[in-house]
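Enquirer: The structure follows.
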Amino acid sequence: MGSQRNGFKKETFILSVDVGTTSIRCHVYDKEAKIRGSCTTKVVLLYPEVGRVEMDPDALWKGFIDVVKGAVQDAGVQMRQIEALGISTQRGTFTTWDKKTGVPFHNFISWQDQRAADLVKSWNRSCTMKAIHGVMKVVYFLTRQKRSLAASLIVFSTQHVTFRLVWVLTHYKQVRQAVAEGNCVFGTIDTWLLFKLTKGHVHATDFSNASSTGIFDSYQMCWSGFLCSLVSLPLSIFPTVENTGHDFGSTDVSIFGVSIPIMSVMADQQAAMFGECCFDVGDVKITMGTGTFMDINTGSKPHTSVAGLYPLVGWKIGPEVVYLAEGNAADTGTAIKWAQELELFSDVQETSAMAYSVSDADGVCFVPSFSGLQAPLNDPKACASLMGLKPSTTKSHLVRAILESVAFRNKQLYETMLRETRIPVTRIRVDGGVSANDFVMQLTADLFGRKVARPQHHEMSCLGAAFVAGLGVGFWRTREELKKLQNTDEVFLPKGSSKEDAGGSLNREYIPVLQSWERALRRSMNWYSKP
């Protein structure tokens, strides 16, 4: 050790934590972006009432600390060898807390939570919204400003923070009181972790997380004063918005024994996009985890959508801002986990073989909408359903129908994206836990009629946050260097065709199956509306 201290510089590492919907994982990365140590813990979701999904902020904080210590121990290195920390988090999950004591007023309210569904529906139907749409259409006609077109098309969703926060202010008296006293702060998970890691010194977020709340104006790059005054949200409670690759301060020494610079804070889908090195316009990333998120790099301009694609800030590093357009389906992994709990299979690895063991799903259609349907159908009141069951239906048929539904939603999102953005797609990369399923990957390639690549590591959010943090401290120098570090992919080519007819024949074979599935979708819509 002595000689090492005198002569040699100890190897250093980047630490990255991803707080997902079902787990918190931490990886220790070396210069080659190889994982030297890791640790994972489960996130416990609480369901206090039907349609409500929460997390305990203190349990989340403890989980965060545990995985960091566990990963560093697993790597066999010391905390002082960590050059920087990057944090990637699920988006749209928030809490509010007391600025002085740091004590939360309530649990984290998850992005999957439906408590504001009726509020969202009544606002979307309201005369106020109709008036705003009308006025903005006129403004767009006169000015041709994309921003006005976006405002004329705006539709609220439960996944955005907006109305869940309105609900909190309506139902929790102590939050209202704290706002009045100037003692309430709001934060998504990243903001809460920064606050805790710096012992209350930092109340901040980054542009990627802020733009995912629905309360942020991606055109003006600030919290939307207009929206806040429209729905009566106090601007005073929101955090400062910083660059994605910003020096957010350092962890308090008492937490890990040394002070570690926090050099990136990033929303998970945007982090996965960066981890996949989707730096160019037309690059597409599909993450299939708890939900499916499809993102396309739209370059330096936000995209204005008619069908529920959402314009997001991908990242802001230095002066450069990169925008993404995103579509999502909420219940990808949820559907597969549900099938496992029903004991349709014991190990997720079996599902691909089970699906291939039958030639089709025997007319069974599965609609994966446990949390409603998102773009392009946008119906929070849709139900999940299995249709076309027969006495001849086996477990394999059911599993195939569930996996097919994942690929069918992918196709829906992909077609919406092509139609809406009109950006030529340069490449498609897929990650997330469900991407390990060969059946889903192959069917997705067949339905797209495009080559689809899967990286060796499926968990890209951690890598993306690590890349941004590493660039910030000079651990890695350039994005070209990052591209060279990418592990070899597995590539899925569309079946049954020459290049000109990529995927055409299989598409034709699947047309009737897709049509039946779309019929099942329509029948599942508006199911939970009150009679």
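Numbering starts fresh at 1 for the residues of each chain in the structure tokens, the chains themselves are lettered A, B, ... in the order given, and ligands are numbered from 1 as they appear.
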If we count only C-alpha atoms, what is near region 464-477 of chain A at a cut-off of 10 Å, once residues fewer than 6 positions away on the same chain are taken out, given as a ChimeraX atom specification?

Expert: /A:12-18,27-33,83-89,244-247,261-277,315,317-318

Enquirer: Extract the full set of helix (DSSP H, G or I) residues from region 36-270 of chain A according to DSSP on the backbone, and format it as a ChimeraX atom specification.

Expert: /A:57-75,79-81,117-125,127-143,146-153,161-171,173-180,189-197,207-211,225-231,235-237,253-256,268-270

Enquirer: Residues near Arg450 (chain A), anyone? I mean within 10 Å using only C-alpha atoms, not counting same-chain ones fewer than 3 positions away, as a VMD selection string.

Expert: chain A and resid 425 427 to 428 444 to 447 453 492 to 495 499 502 to 503

Enquirer: Quick one: residues within 12 Å of region 312-314 of chain A, only C-alpha atoms counted, chain neighbours fewer than 6 positions away excluded, as a VMD selection string?

Expert: chain A and resid 91 206 to 222 241 243 to 245 265 to 275 277 to 281 285 294 to 305 320 to 327 464

Enquirer: Which residue is closest to Ser250 (chain A)? Choose from A:Trp223, A:Lys196, A:Thr143, A:Thr287 and count only C-alpha atoms.

Expert: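 Among the listed residues, the smallest separation from Ser250 (chain A) belongs to A:Lys196.
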
Enquirer: Provide the CA of Lys483 (chain A) to CA of Gly249 (chain A) distance in Å, to one decimal place.

Expert: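 CA of Lys483 (chain A) sits 28.0 Å away from CA of Gly249 (chain A).
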
Enquirer: So, counting only C-alpha atoms, which residue among A:Cys39, A:Leu377, A:Ala150, A:Ala59 is closest to Leu193 (chain A)?

Expert: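 Using only C-alpha atoms, the shortest distance to Leu193 (chain A) belongs to A:Ala59.
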
Enquirer: Closest to Ile154 (chain A) among A:Phe105, A:Tyr310, A:Trp167, A:Phe248, using only C-alpha atoms?

Expert: A:Tyr310

Enquirer: If we count only C-alpha atoms, what is near Asp74 (chain A) at a cut-off of 8 Å, once residues fewer than 4 positions away on the same chain are taken out, given as JSON, numbers by chain?

Expert: {"A": [36, 37, 38, 39, 70]}

Enquirer: Report as a list in words all protein, DNA and RNA residues lying within 9 Å of region 429-432 of chain A, evaluated on only C-alpha atoms, omitting residues in the same chain fewer than 6 positions from it.

Expert: Ala272, Glu276, Cys278, Asp283, Val284, Lys285, Ile286, Thr287, Met288, Gly289, Thr290, Thr292, Met441, Val452, Ala453, Arg454, Pro455, His457, His458, Glu459, Met460 and Ser461 of chain A

Enquirer: Compile the contact shell of Ile109 (chain A) as a PDB file with N, CA, C and O atoms, in the first residue's frame: residues with an atom at most 7 Å away, counting only C-alpha atoms, same-chain residues fewer than 3 positions apart removed.

Expert:
```
ATOM      1  N   VAL A  53     -50.711   4.269  -6.016  1.00  0.00           N
ATOM      2  CA  VAL A  53     -49.406   3.609  -5.950  1.00  0.00           C
ATOM      3  C   VAL A  53     -48.420   4.566  -5.279  1.00  0.00           C
ATOM      4  O   VAL A  53     -48.228   5.685  -5.747  1.00  0.00           O
ATOM      5  N   GLU A  54     -47.819   4.109  -4.177  1.00  0.00           N
ATOM      6  CA  GLU A  54     -46.929   4.984  -3.402  1.00  0.00           C
ATOM      7  C   GLU A  54     -45.631   4.274  -3.039  1.00  0.00           C
ATOM      8  O   GLU A  54     -45.507   3.060  -3.196  1.00  0.00           O
ATOM      9  N   MET A  55     -44.652   5.051  -2.560  1.00  0.00           N
ATOM     10  CA  MET A  55     -43.396   4.516  -2.026  1.00  0.00           C
ATOM     11  C   MET A  55     -43.036   5.299  -0.786  1.00  0.00           C
ATOM     12  O   MET A  55     -43.295   6.495  -0.720  1.00  0.00           O
ATOM     13  N   THR A  93     -42.476  10.639 -10.360  1.00  0.00           N
ATOM     14  CA  THR A  93     -42.826  10.187  -9.016  1.00  0.00           C
ATOM     15  C   THR A  93     -42.332  11.273  -8.066  1.00  0.00           C
ATOM     16  O   THR A  93     -41.173  11.652  -8.128  1.00  0.00           O
ATOM     17  N   PHE A  94     -43.203  11.781  -7.211  1.00  0.00           N
ATOM     18  CA  PHE A  94     -42.814  12.962  -6.427  1.00  0.00           C
ATOM     19  C   PHE A  94     -43.315  12.905  -4.988  1.00  0.00           C
ATOM     20  O   PHE A  94     -44.198  12.115  -4.642  1.00  0.00           O
ATOM     21  N   THR A  95     -42.743  13.770  -4.169  1.00  0.00           N
ATOM     22  CA  THR A  95     -43.270  14.024  -2.836  1.00  0.00           C
ATOM     23  C   THR A  95     -43.084  15.513  -2.532  1.00  0.00           C
ATOM     24  O   THR A  95     -42.497  16.248  -3.337  1.00  0.00           O
ATOM     25  N   ASP A 113     -49.649   6.017 -10.453  1.00  0.00           N
ATOM     26  CA  ASP A 113     -50.810   6.298  -9.606  1.00  0.00           C
ATOM     27  C   ASP A 113     -51.951   6.941 -10.418  1.00  0.00           C
ATOM     28  O   ASP A 113     -51.712   7.814 -11.247  1.00  0.00           O
TER      29      ASP A 113
END
```
